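> Structure file start00.csv (CSV, C-alpha atoms) right here:
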```csv
chain,number,residue,atom,x,y,z
A,94,MET,CA,-1.5,-47.1,4.0
A,95,SER,CA,-3.7,-49.2,6.1
A,96,SER,CA,-5.2,-52.4,4.5
A,97,ASN,CA,-8.1,-52.5,6.8
A,98,PRO,CA,-11.3,-51.7,4.8
A,99,LYS,CA,-12.9,-49.9,7.8
A,100,ASP,CA,-9.8,-47.5,8.0
A,101,ILE,CA,-9.9,-46.9,4.3
A,102,LYS,CA,-13.6,-46.1,4.4
A,103,ARG,CA,-13.0,-43.6,7.2
A,104,ARG,CA,-10.3,-41.9,5.1
A,105,ILE,CA,-12.7,-41.8,2.1
A,106,ILE,CA,-15.3,-40.0,4.2
A,107,SER,CA,-12.7,-37.6,5.5
A,108,ILE,CA,-11.5,-36.8,1.9
A,109,GLU,CA,-15.1,-36.2,0.8
A,110,SER,CA,-15.4,-33.6,3.5
A,111,VAL,CA,-12.2,-31.9,2.3
A,112,ILE,CA,-13.5,-31.8,-1.3
A,113,LYS,CA,-16.8,-30.2,-0.1
A,114,THR,CA,-14.8,-27.5,1.8
A,115,THR,CA,-12.3,-26.7,-1.0
A,116,GLU,CA,-15.1,-26.6,-3.6
A,117,ALA,CA,-17.1,-24.2,-1.4
A,118,MET,CA,-14.0,-22.0,-0.9
A,119,LYS,CA,-13.4,-22.0,-4.6
A,120,MET,CA,-16.9,-20.8,-5.4
A,121,ILE,CA,-16.7,-18.1,-2.7
A,122,SER,CA,-13.4,-16.9,-4.3
A,123,VAL,CA,-15.0,-16.9,-7.8
A,124,VAL,CA,-17.8,-14.6,-6.6
A,125,LYS,CA,-15.4,-12.3,-4.7
A,126,SER,CA,-13.0,-12.2,-7.6
A,127,LYS,CA,-15.8,-11.0,-10.0
A,128,LYS,CA,-16.9,-8.3,-7.6
A,129,SER,CA,-13.4,-6.9,-6.9
A,130,LYS,CA,-12.5,-7.1,-10.6
A,131,GLU,CA,-15.6,-5.0,-11.5
A,132,ILE,CA,-14.6,-2.4,-8.8
A,133,PHE,CA,-11.0,-2.4,-10.1
A,134,MET,CA,-12.0,-1.8,-13.7
A,135,ASN,CA,-14.2,1.2,-12.7
A,136,ILE,CA,-11.4,2.7,-10.6
A,137,LYS,CA,-8.9,2.1,-13.4
A,138,TYR,CA,-11.2,3.8,-15.9
A,139,TYR,CA,-11.5,6.9,-13.7
A,140,LEU,CA,-7.7,7.0,-13.0
A,141,ASP,CA,-6.9,6.8,-16.7
A,142,HIS,CA,-9.0,9.8,-17.4
A,143,ILE,CA,-7.8,11.9,-14.5
A,144,GLU,CA,-4.2,11.1,-15.4
A,145,LEU,CA,-4.9,12.2,-18.9
A,146,ILE,CA,-6.0,15.6,-17.6
A,147,PHE,CA,-3.0,15.7,-15.3
A,148,SER,CA,-0.5,14.9,-18.1
A,149,GLU,CA,-1.9,17.8,-20.1
A,150,LEU,CA,-1.5,20.1,-17.1
A,151,ILE,CA,2.1,19.0,-16.6
A,152,SER,CA,2.9,19.7,-20.2
A,153,THR,CA,2.0,23.4,-19.6
A,154,LEU,CA,4.6,23.7,-16.7
A,155,SER,CA,7.9,25.3,-17.4
A,156,ILE,CA,11.2,23.7,-16.2
A,157,GLU,CA,11.4,26.3,-13.4
A,158,GLU,CA,7.9,25.5,-12.2
A,159,LYS,CA,8.7,21.8,-12.1
A,160,ILE,CA,11.9,22.4,-10.1
A,161,GLU,CA,9.9,24.4,-7.5
A,162,ASN,CA,7.3,21.7,-7.1
A,163,LYS,CA,8.3,19.2,-4.4
A,164,TYR,CA,6.2,16.4,-5.8
A,165,PHE,CA,8.6,15.9,-8.7
A,166,HIS,CA,11.9,15.6,-6.8
A,167,SER,CA,13.4,13.0,-4.4
A,168,SER,CA,15.6,13.7,-1.4
A,169,ASN,CA,18.2,11.9,0.6
A,170,GLY,CA,15.7,10.2,2.9
A,171,LYS,CA,14.8,6.6,3.2
A,172,LYS,CA,13.1,4.5,0.5
A,173,LEU,CA,9.6,3.3,1.4
A,174,PHE,CA,8.0,0.1,0.0
A,175,ILE,CA,4.3,-0.3,0.3
A,176,VAL,CA,3.7,-4.0,0.1
A,177,PHE,CA,0.2,-5.5,-0.6
A,178,THR,CA,-0.3,-9.0,0.7
A,179,SER,CA,-3.2,-11.0,2.0
A,180,ASN,CA,-4.6,-11.4,5.5
A,181,ARG,CA,-5.2,-15.1,5.1
A,182,GLY,CA,-3.4,-18.0,3.4
A,183,LEU,CA,-4.6,-20.8,1.1
A,184,CYS,CA,-3.8,-18.6,-2.0
A,185,GLY,CA,-0.8,-20.5,-3.4
A,186,SER,CA,2.4,-18.4,-4.1
A,187,PHE,CA,0.5,-15.1,-3.9
A,188,ASN,CA,2.5,-13.9,-0.9
A,189,SER,CA,5.8,-15.8,-1.3
A,190,SER,CA,6.3,-14.4,-4.8
A,191,ILE,CA,6.1,-10.9,-3.4
A,192,PHE,CA,8.7,-11.7,-0.7
A,193,GLU,CA,11.0,-13.1,-3.3
A,194,LYS,CA,10.6,-10.0,-5.5
A,195,ILE,CA,11.5,-7.8,-2.5
A,196,ASN,CA,14.7,-9.8,-1.9
A,197,ILE,CA,15.6,-9.5,-5.6
A,198,ILE,CA,15.1,-5.8,-5.6
A,199,LEU,CA,17.3,-5.2,-2.6
A,200,GLN,CA,20.1,-7.3,-4.1
A,201,LYS,CA,19.9,-6.0,-7.7
A,202,LYS,CA,19.6,-2.3,-6.8
A,203,HIS,CA,22.1,-2.7,-3.9
A,204,PHE,CA,19.8,-0.9,-1.5
A,205,SER,CA,21.0,-0.7,2.1
A,206,TYR,CA,18.7,-2.4,4.6
A,207,LYS,CA,19.1,0.7,6.8
A,208,ASN,CA,17.8,3.0,4.0
A,209,CYS,CA,14.7,0.9,3.2
A,210,ILE,CA,11.5,0.8,5.2
A,211,PHE,CA,8.4,-1.2,4.6
A,212,PHE,CA,4.7,-0.5,5.1
A,213,CYS,CA,2.5,-3.6,5.0
A,214,ILE,CA,-1.1,-3.8,3.8
A,215,GLY,CA,-2.1,-7.4,4.8
A,216,LYS,CA,-1.2,-9.5,7.8
A,217,LYS,CA,1.0,-12.1,5.9
A,218,GLY,CA,3.3,-9.3,4.7
A,219,PHE,CA,3.6,-7.8,8.2
A,220,ASP,CA,4.4,-11.3,9.7
A,221,PHE,CA,7.2,-11.8,7.2
A,222,LEU,CA,8.7,-8.3,6.8
A,223,SER,CA,8.6,-7.3,10.5
A,224,LYS,CA,11.1,-10.1,11.3
A,225,LYS,CA,13.7,-8.9,8.8
A,226,TYR,CA,13.2,-5.2,7.9
A,227,ASN,CA,12.3,-1.8,9.4
A,228,ILE,CA,8.5,-1.1,9.5
A,229,TYR,CA,7.2,2.3,8.6
A,230,ASP,CA,3.9,2.2,10.5
A,231,ASN,CA,1.4,-0.2,12.1
A,232,LEU,CA,-0.2,-3.0,10.1
A,233,ILE,CA,-3.3,-2.3,8.0
A,234,GLU,CA,-5.6,-5.3,7.6
A,235,ASN,CA,-8.9,-3.9,6.5
A,236,PHE,CA,-8.1,-1.1,3.9
A,237,ASN,CA,-10.9,1.4,3.4
A,238,GLU,CA,-11.2,5.0,2.0
A,239,LYS,CA,-10.7,6.6,5.4
A,240,LYS,CA,-7.5,4.8,6.0
A,241,ILE,CA,-6.3,5.5,2.5
A,242,LYS,CA,-6.8,9.2,2.9
A,243,PHE,CA,-5.0,9.2,6.3
A,244,LEU,CA,-2.1,7.2,4.8
A,245,ILE,CA,-1.8,9.6,1.8
A,246,ASN,CA,-1.6,12.6,4.0
A,247,LYS,CA,1.0,11.0,6.2
A,248,LEU,CA,3.1,9.9,3.2
A,249,ILE,CA,3.0,13.4,1.6
A,250,SER,CA,3.9,15.0,4.9
A,251,ASP,CA,6.9,12.7,5.4
A,252,PHE,CA,7.9,13.1,1.7
A,253,PHE,CA,8.0,16.9,2.1
A,254,LYS,CA,10.0,16.7,5.3
A,255,ASN,CA,12.6,14.6,3.4
A,256,THR,CA,12.0,11.7,5.8
A,257,ILE,CA,11.2,9.6,2.8
A,258,SER,CA,13.0,10.1,-0.5
A,259,SER,CA,10.9,7.8,-2.7
A,260,ILE,CA,7.9,5.5,-2.4
A,261,TYR,CA,7.3,2.3,-4.3
A,262,LEU,CA,4.2,0.1,-4.6
A,263,VAL,CA,4.8,-3.7,-4.6
A,264,TYR,CA,1.8,-5.8,-5.5
A,265,ASN,CA,0.3,-8.7,-7.6
A,266,SER,CA,-1.3,-7.7,-10.9
A,267,LEU,CA,-3.4,-9.9,-13.1
A,268,LYS,CA,-1.6,-10.4,-16.4
A,269,ASP,CA,-4.7,-12.1,-17.8
A,270,SER,CA,-7.6,-13.9,-16.2
A,271,LEU,CA,-5.3,-16.5,-14.5
A,272,LEU,CA,-1.6,-15.5,-14.7
A,273,GLN,CA,-0.2,-13.0,-12.2
A,274,LYS,CA,2.8,-10.7,-12.3
A,275,ILE,CA,4.6,-8.8,-9.5
A,276,ILE,CA,4.6,-5.1,-10.2
A,277,VAL,CA,7.0,-2.6,-8.6
A,278,GLU,CA,5.7,0.9,-9.3
A,279,LYS,CA,7.1,4.3,-8.3
A,280,PHE,CA,4.5,6.2,-6.3
A,281,LEU,CA,6.5,9.3,-5.3
A,282,PRO,CA,8.1,11.4,-6.6
A,283,ILE,CA,5.7,11.9,-9.5
A,284,LYS,CA,7.1,10.7,-12.8
A,285,LYS,CA,6.0,11.7,-16.3
A,286,ILE,CA,2.6,10.2,-17.0
A,287,LYS,CA,2.1,8.8,-20.5
A,288,ASN,CA,-0.6,10.5,-22.6
A,289,LEU,CA,-3.2,7.8,-23.2
A,290,TYR,CA,-4.6,9.6,-26.3
A,291,LYS,CA,-1.5,10.7,-28.3
A,292,HIS,CA,-3.5,11.1,-31.4
A,293,LYS,CA,-5.5,14.0,-29.8
A,294,GLU,CA,-4.0,17.5,-29.9
A,295,SER,CA,-3.0,19.0,-26.6
A,296,LYS,CA,-5.5,21.7,-25.5
A,297,ASN,CA,-4.7,25.1,-24.0
A,298,PHE,CA,-6.4,25.3,-20.6
A,299,ILE,CA,-7.6,28.4,-18.8
A,300,LEU,CA,-6.4,27.7,-15.3
A,301,GLU,CA,-7.8,29.4,-12.2
A,302,PRO,CA,-6.3,30.4,-9.8
A,303,SER,CA,-2.9,29.2,-10.9
A,304,LYS,CA,-1.1,26.1,-12.4
A,305,ASN,CA,0.7,25.2,-9.2
A,306,LYS,CA,-2.3,25.5,-7.0
A,307,ILE,CA,-4.4,23.3,-9.3
A,308,ILE,CA,-1.6,20.7,-9.6
A,309,ASN,CA,-1.0,20.7,-5.8
A,310,TYR,CA,-4.7,20.1,-5.4
A,311,ILE,CA,-5.0,17.3,-8.0
A,312,ILE,CA,-1.9,15.3,-7.1
A,313,PRO,CA,-3.2,14.0,-3.7
A,314,LYS,CA,-6.4,13.1,-5.5
A,315,ILE,CA,-4.5,11.1,-8.1
A,316,LEU,CA,-2.3,9.4,-5.4
A,317,PHE,CA,-5.5,8.5,-3.5
A,318,ILE,CA,-7.1,6.9,-6.6
A,319,LYS,CA,-3.9,5.1,-7.5
A,320,LEU,CA,-3.5,3.6,-4.1
A,321,LYS,CA,-7.2,2.6,-4.1
A,322,LYS,CA,-6.7,1.1,-7.6
A,323,THR,CA,-3.6,-0.9,-6.5
A,324,PHE,CA,-5.5,-2.3,-3.5
A,325,SER,CA,-8.4,-3.4,-5.7
A,326,GLU,CA,-6.0,-5.0,-8.2
A,327,SER,CA,-4.1,-6.8,-5.5
A,328,LEU,CA,-7.4,-8.0,-3.9
A,329,THR,CA,-8.6,-9.3,-7.3
A,330,ALA,CA,-5.3,-11.2,-7.8
A,331,GLU,CA,-5.6,-12.6,-4.3
A,332,HIS,CA,-9.1,-14.0,-4.9
A,333,THR,CA,-8.1,-15.4,-8.3
A,334,ALA,CA,-5.0,-17.1,-6.7
A,335,ARG,CA,-7.2,-18.6,-4.0
A,336,MET,CA,-9.7,-19.8,-6.5
A,337,ILE,CA,-6.9,-21.6,-8.5
A,338,SER,CA,-5.4,-23.0,-5.3
A,339,MET,CA,-8.7,-24.4,-4.1
A,340,HIS,CA,-9.4,-25.8,-7.6
A,341,LYS,CA,-6.1,-27.7,-7.6
A,342,ALA,CA,-6.7,-28.8,-4.0
A,343,THR,CA,-10.2,-30.2,-5.0
A,344,GLU,CA,-8.6,-32.0,-8.0
A,345,ASN,CA,-5.8,-33.5,-5.8
A,346,ALA,CA,-8.3,-34.6,-3.2
A,347,SER,CA,-10.5,-36.2,-5.9
A,348,HIS,CA,-7.5,-38.2,-7.1
A,349,ILE,CA,-6.7,-39.4,-3.6
A,350,LYS,CA,-10.4,-40.3,-3.1
A,351,ASN,CA,-10.3,-42.4,-6.3
A,352,ASP,CA,-7.2,-44.2,-5.3
A,353,LEU,CA,-8.7,-44.9,-1.9
A,354,ILE,CA,-11.9,-46.3,-3.4
A,355,LEU,CA,-9.8,-48.5,-5.7
A,356,ASN,CA,-7.8,-49.7,-2.8
A,357,TYR,CA,-11.0,-50.2,-0.7
A,358,ASN,CA,-12.5,-52.3,-3.5
A,359,LYS,CA,-9.4,-54.5,-3.8
A,360,GLU,CA,-9.2,-55.1,0.0
A,361,ARG,CA,-13.0,-55.8,0.1
A,362,GLN,CA,-12.7,-58.2,-2.8
A,363,ALA,CA,-9.7,-59.9,-1.2
A,364,THR,CA,-11.6,-60.3,2.1
A,365,ILE,CA,-14.6,-61.8,0.3
A,366,THR,CA,-12.4,-64.2,-1.7
A,367,LYS,CA,-10.7,-65.3,1.6
A,368,GLU,CA,-14.0,-65.9,3.2
A,369,ILE,CA,-15.3,-68.0,0.2
A,370,LEU,CA,-12.1,-70.1,0.3
A,371,GLU,CA,-12.5,-70.7,4.0
A,372,ILE,CA,-16.1,-71.8,3.4
A,373,ILE,CA,-15.1,-74.1,0.6
A,374,GLY,CA,-12.2,-75.5,2.7
A,375,GLY,CA,-14.7,-76.2,5.5
A,376,LEU,CA,-17.1,-78.0,3.2
A,377,ASP,CA,-14.3,-80.1,1.8
A,378,SER,CA,-13.2,-81.2,5.3
A,379,LEU,CA,-16.8,-82.2,6.1
A,380,GLN,CA,-17.1,-84.3,3.0
A,381,ILE,CA,-13.9,-86.1,3.7
A,382,LYS,CA,-15.1,-87.1,7.1
```
Would you write the structure of this file as structure tokens?

Amino acid sequence: MSSNPKDIKRRIISIESVIKTTEAMKMISVVKSKKSKEIFMNIKYYLDHIELIFSELISTLSIEEKIENKYFHSSNGKKLFIVFTSNRGLCGSFNSSIFEKINIILQKKHFSYKNCIFFCIGKKGFDFLSKKYNIYDNLIENFNEKKIKFLINKLISDFFKNTISSIYLVYNSLKDSLLQKIIVEKFLPIKKIKNLYKHKESKNFILEPSKNKIINYIIPKILFIKLKKTFSESLTAEHTARMISMHKATENASHIKNDLILNYNKERQATITKEILEIIGGLDSLQIK
């Protein structure tokens, strides 16, 4: 570290600029996190209730009807992982923890690299995964309802053609307001959905035109809502991770600034003391003469 007070002063001004930037980014992330969390909670509420209806419908199906329905059975195709990451950095371990989880999954499950393909939602995931693994389709940066519908139709089509045997969602989930957890969730084939209200008696539905037609109609709707919910949850986790990261960056910059100010004061005091000693030495030499 330079002992020149002018250089130290320049560094203090530079650190103050960093603090203002990180504090502003933190506040932006706080606002975005609140908005995305509100959207996520609304979608989750809707999904919980539509899954409740769906679980009641499934309970009315016979074993033969389930066997006939393609949504409930996997094939010998490839496994697809839909990975939710961010488009930008400065969000701590948000992306790296997902990449670590993918490597752990492939090692633990002994999945062959040739039998696994990845679809990336977020630029950071695409940059990492495209170098090592097979990519299912082009990168999606800005996810919206139109793109979700197109993706769902493509996934269902490939699933029915046995190109894809199973689909998994890999994303960050908020365990509480600050802690995050990596979730690996099976998307297709459809697994048994837990009944959210077990204390309620199951009802007998009058179904028109038929069970299978209604179920085949409602499943794409559920998949659409689930993918939308997952994206909102991942986005909320991203903004929260960036908020925490910027908060820590602000604290670290403040500590550096305080150390620089202390060092600046020491150097300034030493310079003043040296100048005083030089003046006293000069006066003493004049008196001696």
> Per residue of range 166-275 of chain A within 12 Å of range 338-350 of chain A, note the shortest atom pair and the distance in Å to one decimal, counting all atoms listed in the file, and order the rows by chain and increasing residue number, as CSV.

```
residue,atom,partner,partner_atom,distance
A:Gly182,CA,A:Ser338,CA,10.2
A:Leu183,CA,A:Ser338,CA,6.8
A:Cys184,CA,A:Ser338,CA,5.7
A:Gly185,CA,A:Ser338,CA,5.6
A:Ser186,CA,A:Ser338,CA,9.1
A:Phe187,CA,A:Ser338,CA,10.0
A:Leu271,CA,A:Ser338,CA,11.3
```
> Find the residues near Ser168 in chain A: any atom within 9 Å, counting all atoms listed in the file, skip ones fewer than 2 places away on the same chain, and give them as a PDB file with C-alpha atoms, in the coordinates of the input.

```
ATOM      1  CA  HIS A 166      11.900  15.600  -6.800  1.00  0.00           C
ATOM      2  CA  GLY A 170      15.700  10.200   2.900  1.00  0.00           C
ATOM      3  CA  LYS A 171      14.800   6.600   3.200  1.00  0.00           C
ATOM      4  CA  PHE A 252       7.900  13.100   1.700  1.00  0.00           C
ATOM      5  CA  PHE A 253       8.000  16.900   2.100  1.00  0.00           C
ATOM      6  CA  ASN A 255      12.600  14.600   3.400  1.00  0.00           C
ATOM      7  CA  THR A 256      12.000  11.700   5.800  1.00  0.00           C
ATOM      8  CA  ILE A 257      11.200   9.600   2.800  1.00  0.00           C
ATOM      9  CA  SER A 258      13.000  10.100  -0.500  1.00  0.00           C
ATOM     10  CA  SER A 259      10.900   7.800  -2.700  1.00  0.00           C
TER      11      SER A 259
END
```
> Between CA of Val111 in chain A and CA of Ile337 in chain A, what is the distance in Å, rounded to a tenth?
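Distance between the two atoms: 15.8 Å.
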> With only C-alpha atoms as the atoms that count, which of A:Lys359, A:Phe212, A:Pro302, A:Asp251 lies nearest to Asn231 in chain A?
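Smallest separation from Asn231 in chain A among the options: A:Phe212.
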> What's around Glu331 in chain A at 12 Å? Count all atoms listed in the file, leave out sequence neighbours fewer than 2 positions away in its own chain, and write the answer as number ranges by chain.
A: 122-123, 125-127, 129-130, 177-188, 191, 215, 264-267, 271-274, 324-329, 333-338
> Find the distance between CA of Phe219 in chain A and CA of Phe280 in chain A and write it in Å to one decimal.
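Between these atoms lies a distance of 20.2 Å.
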> Which is closer to Lys268 in chain A than all the others in A:Ile318, A:Ala330, A:Cys213, A:Ile283, using only C-alpha atoms?
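Checking each of A:Ile318, A:Ala330, A:Cys213, A:Ile283 against Lys268 in chain A, counting only C-alpha atoms, the winner is A:Ala330.
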> In Å, how far is it from CA of Ile372 in chain A to CA of Asn358 in chain A?
21.0 Å
> When you look at Phe211 in chain A with a cut-off of 10 Å (counting only C-alpha atoms), what residues show up, excluding the ones that are within fewer than 3 positions of it in the same chain? I need them as a list in words.
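The filter keeps Lys172, Leu173, Phe174, Ile175, Val176, Ile214, Gly218, Phe219, Leu222, Ser223, Tyr226, Asn227, Ile228, Tyr229, Asp230, Ile260 and Tyr261 of chain A.
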> Find the spatial neighbours of Tyr357 in chain A, counting only C-alpha atoms, within a cut-off of 10 Å - ignore same-chain residues fewer than 5 positions away - and output them as a count of residues only.
12
> Using only C-alpha atoms, can you tell me which of A:Lys304, A:Lys314, A:Lys254, A:Lys284 comes closest to Asn169 in chain A?
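Under the stated criterion, the closest residue is A:Lys254.
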> Counting all atoms listed in the file, which residue out of A:Ile151, A:Leu262, A:Ile210, A:Ile276 sits closest to Ile311 in chain A?
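Among the listed residues, the smallest separation from Ile311 in chain A belongs to A:Ile151.
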> Between A:Ile112, A:Met120, A:Leu316, A:Met134, which one has atoms that come closest to Asn246 in chain A, using all atoms listed in the file?
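So, comparing all the options, the nearest one is A:Leu316.
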> For each of A:Phe165, A:Tyr138, A:Thr364, A:Leu353, take the minimum atom-to-atom distance to Ile106 in chain A, counting only C-alpha atoms, then give the residue where this is smallest.
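Checking each of A:Phe165, A:Tyr138, A:Thr364, A:Leu353 against Ile106 in chain A, counting only C-alpha atoms, the winner is A:Leu353.
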